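First comes the structure, then the notes that go with it.
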Amino acid sequence: MKNQRYRVELTETERKTLQSLVSKGKATARSIRRAQILLWADEQYPIGKMKDLEIAKQLQVHTNTVHLVRKMFAQQGLHAAIERKKRLTPPNPPKITGELEAQIIALSCSEPPEGRSRWSLRLLADKAVELKYIDSLSYDTVDRILKKNELKPHLRKCWCIPPEKNAAFVAAMEDVLEVYRLPYDASCPVICMDEKPYQLLNDARDPIPMKPAKPERRDAEYVRQGTCSIFIFTEPLAGWRQVDVRPQRTRVEWAQQIQELLDVHYKEVPKIRLVMDNLNTHSIASLYQAFEPETARRLAKRLEIHYTPKHGSWLNIAEIELSVMTRQCLGRRIPSISELASELSAWGRTRNESQKGVDWQFSTADAQIKLKRLYPQFKD
């Protein structure tokens with residue numbers, strides 16, 4: 001009967017065995033708990049004769065567990081009541097094998113199906129079943145496989161990759177790297193220059209301010225207010241940078257920025273080493289297009305230009321400043337050039353006051369090892 005109360009009467013040997021098992025604590029938690037049940041249920045033990053409800057409450061188990069231990073002891077003996085029953089059949093083999101993981105990894109690294117821009121978890125799971133890698137597969141399992149192998153098929157990182165065996169690239173790269181190795185020279189400082197297009201945007205509706213437990217909310221609709229160009233100059237060793245905004249990005253705007261750099265910020269310096277991208281507007285010819293020949297020649301004589309190679313903009317330290325500026329200042333909607341100029345001025349002033357410089361470590365020797373594939377005469 002289900003409600004039958006099975007009696008537990010331990011022998012002296014059984015009692016000592018259970019007490020030893022509980023006191024040593026070397027058995028599994030399940031075996032120790034069942035040994036305690038039998039000790040407290042022992043009819044001949046001083047604290048025995050406890051009801052199943054009391055034992056269950058003391059050990060924080062269900063009364064059915066106490067009843068089951070009593071029953072197994074009465075019918076099968078001490079060993080059966082304490083130890084877990086051995087499995088007669090071998091366990092089922094794991095569904096997710098190493099071979100399946102390798103297939104999922106290879107699939108996630110392949111091109112997505114036609115009409116899809118990337119692999120999704122559900123798409124990978126469905127494709128694995130379609131290819132008969134497995135009978136059924138959940139997207140949660142695919143997610144665990146990808147996380148285990150640190151794969152992120154939903155992400156793409158844009159990078160300018162130069163072609164191999166490119167003499168023009170390595171020549172310009174080593175030229176810039178040698179400039180970065182030069183010690184600080186106040187009479188001929190190294191200045192890095194870059195520019196960035198920017199779209200001016202305004203809110204179509206007023207945002208809702210942040211409240212406790214609610215972030216600031218902005219309408220997805222916006223109003224375009226035109227475009228402009230951001231120019232940045234930085235002297236890495238001095239921790240100085242200057243940011244300006246112009247309506248366009250033409251030869252004249254670049255030439256005017258160079259004139260301001262030389263005649264205002266570095267008026268007393270005989271010459272500067274200028275590192276910048278090799279754009280069509282970044283040339284001495286732009287100075288002649290913007291100024292009288294005498295002014296253009298005077299400015300040109302104070303410039304020692306070093307161009308970064310094509311697909312090598314990462315060699316321009318001004319790119320680092322642009323990245324910091326974008327994260328810290330431009331992650332929002334700014335409606336006008338005047339407001340943008342004011343915000344960038346405040347950002348540059350604060351950053352200059354903190355004297356944040358750049359400690360460039362990548363050298364020509366490093367390039368000849370890590371970028372060996374770019375050198376035409378180096379053999380693999």
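Chain labels run A, B, ... following the order of the structure tokens; each chain numbers its residues from 1, and ligands are numbered from 1 in the order shown.
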Write out as a tab-separated table the residues of segment 71-100 of chain A that have any atom within 12 Å of an atom of segment 4-12 of chain A, one row each with the nearest atom pair and its distance in Å to one decimal, counting only C-alpha atoms, sorted by chain and then rising number.
residue	atom	partner	partner_atom	distance
A:Lys71	CA	A:Tyr6	CA	5.8
A:Met72	CA	A:Tyr6	CA	9.1
A:Phe73	CA	A:Val8	CA	7.3
A:Ala74	CA	A:Tyr6	CA	6.5
A:Gln75	CA	A:Tyr6	CA	9.2
A:Gly77	CA	A:Leu10	CA	10.2
A:Leu78	CA	A:Leu10	CA	8.9
A:Ala81	CA	A:Val8	CA	11.3
Restricted to C-alpha atoms, what would the selected residues look like written as a short mmCIF file (atom, residue, chain, number, x, y, z; two decimals), in the first residue's frame?
data_model
loop_
_atom_site.label_atom_id
_atom_site.label_comp_id
_atom_site.auth_asym_id
_atom_site.auth_seq_id
_atom_site.Cartn_x
_atom_site.Cartn_y
_atom_site.Cartn_z
CA LYS A 71 10.54 1.01 1.52
CA MET A 72 13.84 0.28 -0.23
CA PHE A 73 15.52 -0.55 3.09
CA ALA A 74 12.72 -2.88 4.10
CA GLN A 75 12.54 -4.66 0.75
CA GLY A 77 18.41 -3.85 2.28
CA LEU A 78 20.83 -1.14 3.37
CA ALA A 81 18.57 2.23 0.09
#
Mind dumping a table of every segment 228-274 of chain A residue within 9 Å of segment 293-303 of chain A, with the nearest atom pair and its distance in Å to one decimal, using only C-alpha atoms, sorted by chain and rising number, as a tab-separated table?
residue	atom	partner	partner_atom	distance
A:Ala255	CA	A:Ala296	CA	8.9
A:Ile258	CA	A:Leu299	CA	8.0
A:Gln259	CA	A:Leu299	CA	7.0
A:Leu262	CA	A:Leu299	CA	7.3
A:Asp263	CA	A:Leu299	CA	8.7
A:Val269	CA	A:Arg302	CA	8.4
A:Pro270	CA	A:Arg302	CA	6.1
A:Lys271	CA	A:Arg302	CA	4.3
A:Ile272	CA	A:Leu303	CA	5.5
A:Arg273	CA	A:Leu303	CA	6.2
A:Leu274	CA	A:Leu303	CA	6.7
List the spatial neighbours of segment 276-289 of chain A as number ranges by chain - criterion: any atom at most 8 Å away, only C-alpha atoms, same-chain residues fewer than 2 positions off excluded.
A: 192-194, 250-252, 254-255, 274, 291-293, 296-297, 299-300, 305-310, 313, 316
Name all residues at most 12 Å from Tyr184 of chain A (count only C-alpha atoms; drop same-chain ones fewer than 2 positions away) and give them as a PyMOL selection string.
chain A and resi 179-182+186-191+235-239+272-273
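Using only C-alpha atoms, the smallest distance between any of A:Ile32, A:Arg15, A:Pro215, A:Ser229 and Pro247 of chain A comes from A:Ser229.
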From a DSSP pass on the backbone, collect the residues of segment 221-250 of chain A flagged as strand (DSSP E) and hand them back as a PDB file with N, CA and C atoms, in the first residue's frame.
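Full text of out26.pdb as output:
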ATOM      1  N   TYR A 222      14.093  62.307 -38.366  1.00  0.00           N
ATOM      2  CA  TYR A 222      14.981  63.454 -38.220  1.00  0.00           C
ATOM      3  C   TYR A 222      14.913  64.326 -39.463  1.00  0.00           C
ATOM      4  N   VAL A 223      15.496  65.506 -39.356  1.00  0.00           N
ATOM      5  CA  VAL A 223      15.491  66.473 -40.461  1.00  0.00           C
ATOM      6  C   VAL A 223      16.934  66.721 -40.899  1.00  0.00           C
ATOM      7  N   ARG A 224      17.216  66.512 -42.179  1.00  0.00           N
ATOM      8  CA  ARG A 224      18.568  66.750 -42.692  1.00  0.00           C
ATOM      9  C   ARG A 224      18.813  68.254 -42.838  1.00  0.00           C
ATOM     10  N   GLN A 225      19.974  68.679 -42.368  1.00  0.00           N
ATOM     11  CA  GLN A 225      20.335  70.096 -42.428  1.00  0.00           C
ATOM     12  C   GLN A 225      21.577  70.331 -43.295  1.00  0.00           C
ATOM     13  N   GLY A 226      21.897  69.376 -44.154  1.00  0.00           N
ATOM     14  CA  GLY A 226      23.058  69.534 -45.023  1.00  0.00           C
ATOM     15  C   GLY A 226      24.272  68.785 -44.496  1.00  0.00           C
ATOM     16  N   THR A 227      25.390  68.981 -45.161  1.00  0.00           N
ATOM     17  CA  THR A 227      26.643  68.322 -44.789  1.00  0.00           C
ATOM     18  C   THR A 227      27.751  69.349 -44.621  1.00  0.00           C
ATOM     19  N   CYS A 228      28.826  68.904 -44.022  1.00  0.00           N
ATOM     20  CA  CYS A 228      30.008  69.755 -43.847  1.00  0.00           C
ATOM     21  C   CYS A 228      31.224  68.853 -43.726  1.00  0.00           C
ATOM     22  N   SER A 229      32.366  69.434 -43.505  1.00  0.00           N
ATOM     23  CA  SER A 229      33.606  68.672 -43.385  1.00  0.00           C
ATOM     24  C   SER A 229      34.355  69.110 -42.133  1.00  0.00           C
ATOM     25  N   ILE A 230      34.853  68.133 -41.385  1.00  0.00           N
ATOM     26  CA  ILE A 230      35.611  68.398 -40.161  1.00  0.00           C
ATOM     27  C   ILE A 230      37.096  68.181 -40.443  1.00  0.00           C
ATOM     28  N   PHE A 231      37.914  69.194 -40.175  1.00  0.00           N
ATOM     29  CA  PHE A 231      39.367  69.108 -40.333  1.00  0.00           C
ATOM     30  C   PHE A 231      40.003  69.006 -38.952  1.00  0.00           C
ATOM     31  N   ILE A 232      40.979  68.110 -38.820  1.00  0.00           N
ATOM     32  CA  ILE A 232      41.664  67.972 -37.536  1.00  0.00           C
ATOM     33  C   ILE A 232      43.174  67.911 -37.767  1.00  0.00           C
ATOM     34  N   PHE A 233      43.908  68.647 -36.957  1.00  0.00           N
ATOM     35  CA  PHE A 233      45.373  68.609 -36.935  1.00  0.00           C
ATOM     36  C   PHE A 233      45.793  68.206 -35.530  1.00  0.00           C
ATOM     37  N   THR A 234      46.800  67.357 -35.432  1.00  0.00           N
ATOM     38  CA  THR A 234      47.278  66.946 -34.114  1.00  0.00           C
ATOM     39  C   THR A 234      48.792  66.788 -34.121  1.00  0.00           C
ATOM     40  N   GLU A 235      49.401  67.201 -33.037  1.00  0.00           N
ATOM     41  CA  GLU A 235      50.838  66.983 -32.827  1.00  0.00           C
ATOM     42  C   GLU A 235      50.968  65.913 -31.752  1.00  0.00           C
ATOM     43  N   TRP A 240      48.657  67.911 -28.605  1.00  0.00           N
ATOM     44  CA  TRP A 240      47.883  69.074 -29.057  1.00  0.00           C
ATOM     45  C   TRP A 240      47.067  68.696 -30.269  1.00  0.00           C
ATOM     46  N   ARG A 241      45.843  69.232 -30.360  1.00  0.00           N
ATOM     47  CA  ARG A 241      45.033  69.051 -31.536  1.00  0.00           C
ATOM     48  C   ARG A 241      44.163  70.284 -31.774  1.00  0.00           C
ATOM     49  N   GLN A 242      43.823  70.520 -33.041  1.00  0.00           N
ATOM     50  CA  GLN A 242      42.984  71.645 -33.451  1.00  0.00           C
ATOM     51  C   GLN A 242      41.920  71.118 -34.407  1.00  0.00           C
ATOM     52  N   VAL A 243      40.657  71.459 -34.129  1.00  0.00           N
ATOM     53  CA  VAL A 243      39.546  70.977 -34.944  1.00  0.00           C
ATOM     54  C   VAL A 243      38.816  72.187 -35.531  1.00  0.00           C
ATOM     55  N   ASP A 244      38.448  72.088 -36.793  1.00  0.00           N
ATOM     56  CA  ASP A 244      37.705  73.157 -37.451  1.00  0.00           C
ATOM     57  C   ASP A 244      36.656  72.539 -38.364  1.00  0.00           C
ATOM     58  N   VAL A 245      35.603  73.327 -38.644  1.00  0.00           N
ATOM     59  CA  VAL A 245      34.501  72.858 -39.493  1.00  0.00           C
ATOM     60  C   VAL A 245      34.377  73.784 -40.686  1.00  0.00           C
ATOM     61  N   ARG A 246      34.247  73.202 -41.879  1.00  0.00           N
ATOM     62  CA  ARG A 246      34.058  73.967 -43.106  1.00  0.00           C
ATOM     63  C   ARG A 246      32.853  73.426 -43.875  1.00  0.00           C
TER      64      ARG A 246
END
Can you pull out every residue from segment 51-281 of chain A that DSSP, working from the backbone, puts in helix (DSSP H, G or I), and format the result as a compact mmCIF listing (two decimals) with N, CA and C atoms, in the first residue's frame?
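Result went into out25.txt, see below:
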# COMPACT_ATOMS: atom_id res chain seq x y z
N ASP A 52 7.61 10.57 9.32
CA ASP A 52 8.16 10.96 8.02
C ASP A 52 8.10 12.47 7.81
N LEU A 53 7.02 13.11 8.27
CA LEU A 53 6.88 14.55 8.11
C LEU A 53 7.97 15.30 8.87
N GLU A 54 8.30 14.81 10.08
CA GLU A 54 9.34 15.47 10.88
C GLU A 54 10.72 15.31 10.24
N ILE A 55 10.97 14.08 9.74
CA ILE A 55 12.26 13.83 9.08
C ILE A 55 12.40 14.69 7.83
N ALA A 56 11.34 14.73 7.04
CA ALA A 56 11.37 15.53 5.82
C ALA A 56 11.62 16.99 6.12
N LYS A 57 11.01 17.50 7.20
CA LYS A 57 11.19 18.89 7.57
C LYS A 57 12.61 19.17 8.02
N GLN A 58 13.18 18.26 8.79
CA GLN A 58 14.55 18.44 9.30
C GLN A 58 15.57 18.42 8.15
N LEU A 59 15.38 17.50 7.19
CA LEU A 59 16.36 17.34 6.10
C LEU A 59 15.98 18.11 4.85
N THR A 63 8.29 14.26 1.78
CA THR A 63 7.92 13.06 2.56
C THR A 63 7.96 11.81 1.69
N ASN A 64 7.72 11.96 0.40
CA ASN A 64 7.80 10.79 -0.49
C ASN A 64 9.22 10.21 -0.52
N THR A 65 10.21 11.08 -0.40
CA THR A 65 11.60 10.61 -0.36
C THR A 65 11.85 9.76 0.88
N VAL A 66 11.36 10.22 2.01
CA VAL A 66 11.51 9.46 3.26
C VAL A 66 10.80 8.11 3.14
N HIS A 67 9.58 8.11 2.60
CA HIS A 67 8.83 6.88 2.43
C HIS A 67 9.57 5.92 1.51
N LEU A 68 10.16 6.45 0.41
CA LEU A 68 10.87 5.60 -0.54
C LEU A 68 12.11 4.95 0.08
N VAL A 69 12.84 5.73 0.90
CA VAL A 69 14.03 5.17 1.55
C VAL A 69 13.63 4.06 2.53
N ARG A 70 12.57 4.28 3.30
CA ARG A 70 12.07 3.24 4.20
C ARG A 70 11.72 1.97 3.41
N LYS A 71 11.00 2.15 2.31
CA LYS A 71 10.54 1.01 1.52
C LYS A 71 11.70 0.23 0.94
N MET A 72 12.70 0.96 0.37
CA MET A 72 13.84 0.28 -0.23
C MET A 72 14.66 -0.46 0.81
N PHE A 73 14.78 0.14 2.02
CA PHE A 73 15.52 -0.55 3.09
C PHE A 73 14.79 -1.81 3.51
N ALA A 74 13.49 -1.72 3.64
CA ALA A 74 12.72 -2.88 4.10
C ALA A 74 12.69 -3.99 3.07
N GLN A 75 12.68 -3.65 1.78
CA GLN A 75 12.54 -4.66 0.75
C GLN A 75 13.86 -5.11 0.16
N GLN A 76 14.87 -4.21 0.09
CA GLN A 76 16.10 -4.56 -0.63
C GLN A 76 17.36 -4.45 0.22
N LEU A 78 20.15 -2.41 3.14
CA LEU A 78 20.83 -1.14 3.37
C LEU A 78 21.50 -0.59 2.12
N HIS A 79 22.23 -1.44 1.41
CA HIS A 79 22.99 -0.97 0.25
C HIS A 79 22.08 -0.37 -0.81
N ALA A 80 20.97 -1.03 -1.09
CA ALA A 80 20.04 -0.53 -2.10
C ALA A 80 19.42 0.80 -1.69
N ALA A 81 19.19 1.00 -0.38
CA ALA A 81 18.57 2.23 0.09
C ALA A 81 19.54 3.42 0.04
N ILE A 82 20.84 3.14 0.15
CA ILE A 82 21.84 4.21 0.21
C ILE A 82 22.42 4.52 -1.16
N GLY A 98 31.72 16.51 -31.82
CA GLY A 98 32.77 17.39 -32.36
C GLY A 98 32.64 17.58 -33.86
N GLU A 99 32.21 16.53 -34.55
CA GLU A 99 32.03 16.64 -36.00
C GLU A 99 30.92 17.63 -36.35
N LEU A 100 29.81 17.59 -35.58
CA LEU A 100 28.72 18.53 -35.84
C LEU A 100 29.18 19.96 -35.55
N GLU A 101 29.93 20.17 -34.46
CA GLU A 101 30.44 21.50 -34.15
C GLU A 101 31.30 22.03 -35.30
N ALA A 102 32.16 21.16 -35.84
CA ALA A 102 33.02 21.57 -36.95
C ALA A 102 32.19 21.95 -38.17
N GLN A 103 31.12 21.21 -38.42
CA GLN A 103 30.26 21.51 -39.56
C GLN A 103 29.53 22.84 -39.37
N ILE A 104 29.06 23.09 -38.14
CA ILE A 104 28.38 24.37 -37.86
C ILE A 104 29.36 25.53 -38.01
N ILE A 105 30.58 25.35 -37.53
CA ILE A 105 31.60 26.40 -37.63
C ILE A 105 31.91 26.70 -39.10
N ALA A 106 32.11 25.64 -39.89
CA ALA A 106 32.40 25.83 -41.32
C ALA A 106 31.24 26.52 -42.02
N LEU A 107 30.02 26.15 -41.65
CA LEU A 107 28.84 26.75 -42.26
C LEU A 107 28.74 28.24 -41.92
N SER A 108 29.00 28.59 -40.65
CA SER A 108 28.91 30.00 -40.24
C SER A 108 29.98 30.87 -40.89
N LEU A 121 21.08 32.75 -36.30
CA LEU A 121 21.11 31.49 -35.56
C LEU A 121 20.08 30.51 -36.13
N ARG A 122 18.88 31.00 -36.37
CA ARG A 122 17.82 30.13 -36.91
C ARG A 122 18.17 29.65 -38.31
N LEU A 123 18.78 30.53 -39.11
CA LEU A 123 19.17 30.15 -40.46
C LEU A 123 20.23 29.05 -40.44
N LEU A 124 21.18 29.17 -39.54
CA LEU A 124 22.21 28.13 -39.40
C LEU A 124 21.60 26.81 -38.95
N ALA A 125 20.68 26.86 -37.98
CA ALA A 125 20.04 25.64 -37.49
C ALA A 125 19.25 24.96 -38.60
N ASP A 126 18.48 25.74 -39.35
CA ASP A 126 17.67 25.17 -40.43
C ASP A 126 18.55 24.59 -41.54
N LYS A 127 19.66 25.29 -41.85
CA LYS A 127 20.56 24.82 -42.90
C LYS A 127 21.25 23.53 -42.49
N ALA A 128 21.62 23.41 -41.22
CA ALA A 128 22.26 22.18 -40.75
C ALA A 128 21.32 20.99 -40.88
N VAL A 129 20.04 21.20 -40.60
CA VAL A 129 19.05 20.12 -40.77
C VAL A 129 18.85 19.83 -42.24
N GLU A 130 18.79 20.88 -43.07
CA GLU A 130 18.61 20.70 -44.51
C GLU A 130 19.75 19.89 -45.12
N TYR A 139 18.08 26.77 -32.36
CA TYR A 139 18.98 27.92 -32.53
C TYR A 139 19.76 28.20 -31.26
N ASP A 140 19.22 27.81 -30.07
CA ASP A 140 19.96 27.97 -28.81
C ASP A 140 21.23 27.13 -28.81
N THR A 141 21.13 25.93 -29.37
CA THR A 141 22.31 25.06 -29.46
C THR A 141 23.35 25.66 -30.38
N VAL A 142 22.90 26.21 -31.51
CA VAL A 142 23.82 26.88 -32.43
C VAL A 142 24.49 28.06 -31.73
N ASP A 143 23.74 28.81 -30.94
CA ASP A 143 24.28 29.96 -30.21
C ASP A 143 25.38 29.51 -29.25
N ARG A 144 25.16 28.40 -28.55
CA ARG A 144 26.19 27.89 -27.61
C ARG A 144 27.45 27.46 -28.37
N ILE A 145 27.29 26.84 -29.52
CA ILE A 145 28.45 26.40 -30.31
C ILE A 145 29.26 27.61 -30.77
N LEU A 146 28.58 28.64 -31.26
CA LEU A 146 29.29 29.82 -31.74
C LEU A 146 29.99 30.56 -30.61
N LYS A 147 29.31 30.69 -29.46
CA LYS A 147 29.93 31.37 -28.32
C LYS A 147 31.13 30.59 -27.81
N LYS A 148 31.02 29.27 -27.79
CA LYS A 148 32.13 28.43 -27.33
C LYS A 148 33.37 28.64 -28.20
N ALA A 167 55.11 47.41 -53.54
CA ALA A 167 56.27 48.25 -53.27
C ALA A 167 55.88 49.68 -52.91
N ALA A 168 54.85 50.21 -53.59
CA ALA A 168 54.42 51.58 -53.32
C ALA A 168 53.90 51.71 -51.89
N PHE A 169 53.18 50.70 -51.43
CA PHE A 169 52.64 50.73 -50.07
C PHE A 169 53.77 50.73 -49.04
N VAL A 170 54.70 49.79 -49.17
CA VAL A 170 55.75 49.68 -48.15
C VAL A 170 56.68 50.89 -48.17
N ALA A 171 56.88 51.49 -49.35
CA ALA A 171 57.74 52.67 -49.41
C ALA A 171 57.13 53.82 -48.62
N ALA A 172 55.83 54.07 -48.85
CA ALA A 172 55.16 55.14 -48.11
C ALA A 172 55.02 54.80 -46.63
N MET A 173 54.76 53.52 -46.33
CA MET A 173 54.62 53.10 -44.94
C MET A 173 55.91 53.31 -44.16
N GLU A 174 57.02 52.86 -44.70
CA GLU A 174 58.29 53.00 -43.99
C GLU A 174 58.69 54.47 -43.86
N ASP A 175 58.34 55.28 -44.84
CA ASP A 175 58.62 56.71 -44.75
C ASP A 175 57.90 57.32 -43.55
N VAL A 176 56.61 56.99 -43.40
CA VAL A 176 55.84 57.53 -42.27
C VAL A 176 56.35 56.97 -40.95
N LEU A 177 56.67 55.69 -40.91
CA LEU A 177 57.15 55.08 -39.67
C LEU A 177 58.48 55.69 -39.23
N GLU A 178 59.34 56.03 -40.19
CA GLU A 178 60.60 56.67 -39.83
C GLU A 178 60.36 58.08 -39.28
N VAL A 179 59.36 58.77 -39.78
CA VAL A 179 59.01 60.09 -39.25
C VAL A 179 58.56 59.97 -37.80
N TYR A 180 57.76 58.94 -37.50
CA TYR A 180 57.27 58.75 -36.14
C TYR A 180 58.38 58.39 -35.16
N ARG A 181 59.49 57.89 -35.66
CA ARG A 181 60.62 57.53 -34.79
C ARG A 181 61.47 58.73 -34.41
N ARG A 251 39.86 71.99 -52.46
CA ARG A 251 41.27 72.39 -52.38
C ARG A 251 41.43 73.70 -51.61
N VAL A 252 40.50 74.61 -51.82
CA VAL A 252 40.59 75.91 -51.16
C VAL A 252 40.45 75.76 -49.65
N GLU A 253 39.47 74.94 -49.20
CA GLU A 253 39.30 74.74 -47.75
C GLU A 253 40.56 74.13 -47.13
N TRP A 254 41.15 73.14 -47.82
CA TRP A 254 42.37 72.54 -47.29
C TRP A 254 43.50 73.56 -47.23
N ALA A 255 43.65 74.35 -48.27
CA ALA A 255 44.72 75.36 -48.30
C ALA A 255 44.52 76.38 -47.19
N GLN A 256 43.29 76.79 -46.94
CA GLN A 256 43.03 77.75 -45.87
C GLN A 256 43.35 77.15 -44.49
N GLN A 257 43.09 75.86 -44.33
CA GLN A 257 43.45 75.20 -43.07
C GLN A 257 44.96 75.16 -42.88
N ILE A 258 45.69 74.91 -43.96
CA ILE A 258 47.16 74.89 -43.88
C ILE A 258 47.69 76.28 -43.55
N GLN A 259 47.11 77.31 -44.14
CA GLN A 259 47.55 78.67 -43.84
C GLN A 259 47.33 79.00 -42.37
N GLU A 260 46.19 78.61 -41.83
CA GLU A 260 45.92 78.87 -40.41
C GLU A 260 46.90 78.09 -39.52
N LEU A 261 47.19 76.86 -39.92
CA LEU A 261 48.13 76.05 -39.14
C LEU A 261 49.50 76.72 -39.08
N LEU A 262 49.98 77.19 -40.23
CA LEU A 262 51.33 77.75 -40.29
C LEU A 262 51.41 79.18 -39.77
N ASP A 263 50.44 80.01 -40.07
CA ASP A 263 50.52 81.43 -39.74
C ASP A 263 49.91 81.78 -38.38
N VAL A 264 49.16 80.86 -37.79
CA VAL A 264 48.53 81.14 -36.50
C VAL A 264 49.09 80.22 -35.41
N HIS A 265 48.97 78.92 -35.60
CA HIS A 265 49.34 77.98 -34.54
C HIS A 265 50.85 77.70 -34.50
Please determine, counting only C-alpha atoms, which residue among A:Gln361, A:Gln36, A:Asn149, A:Asn352 has the shortest atom-to-atom distance to Leu21 of chain A.
A:Gln36
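Distances from A:Arg156, A:Ser136, A:Pro163, A:Pro94 to Arg118 of chain A were compared using only C-alpha atoms, and the smallest one belongs to A:Arg156.
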Nearest to Leu374 of chain A among A:Pro91, A:Gly348, A:Gly312, A:Gly25, with distances taken over only C-alpha atoms: which residue is it?
A:Gly312
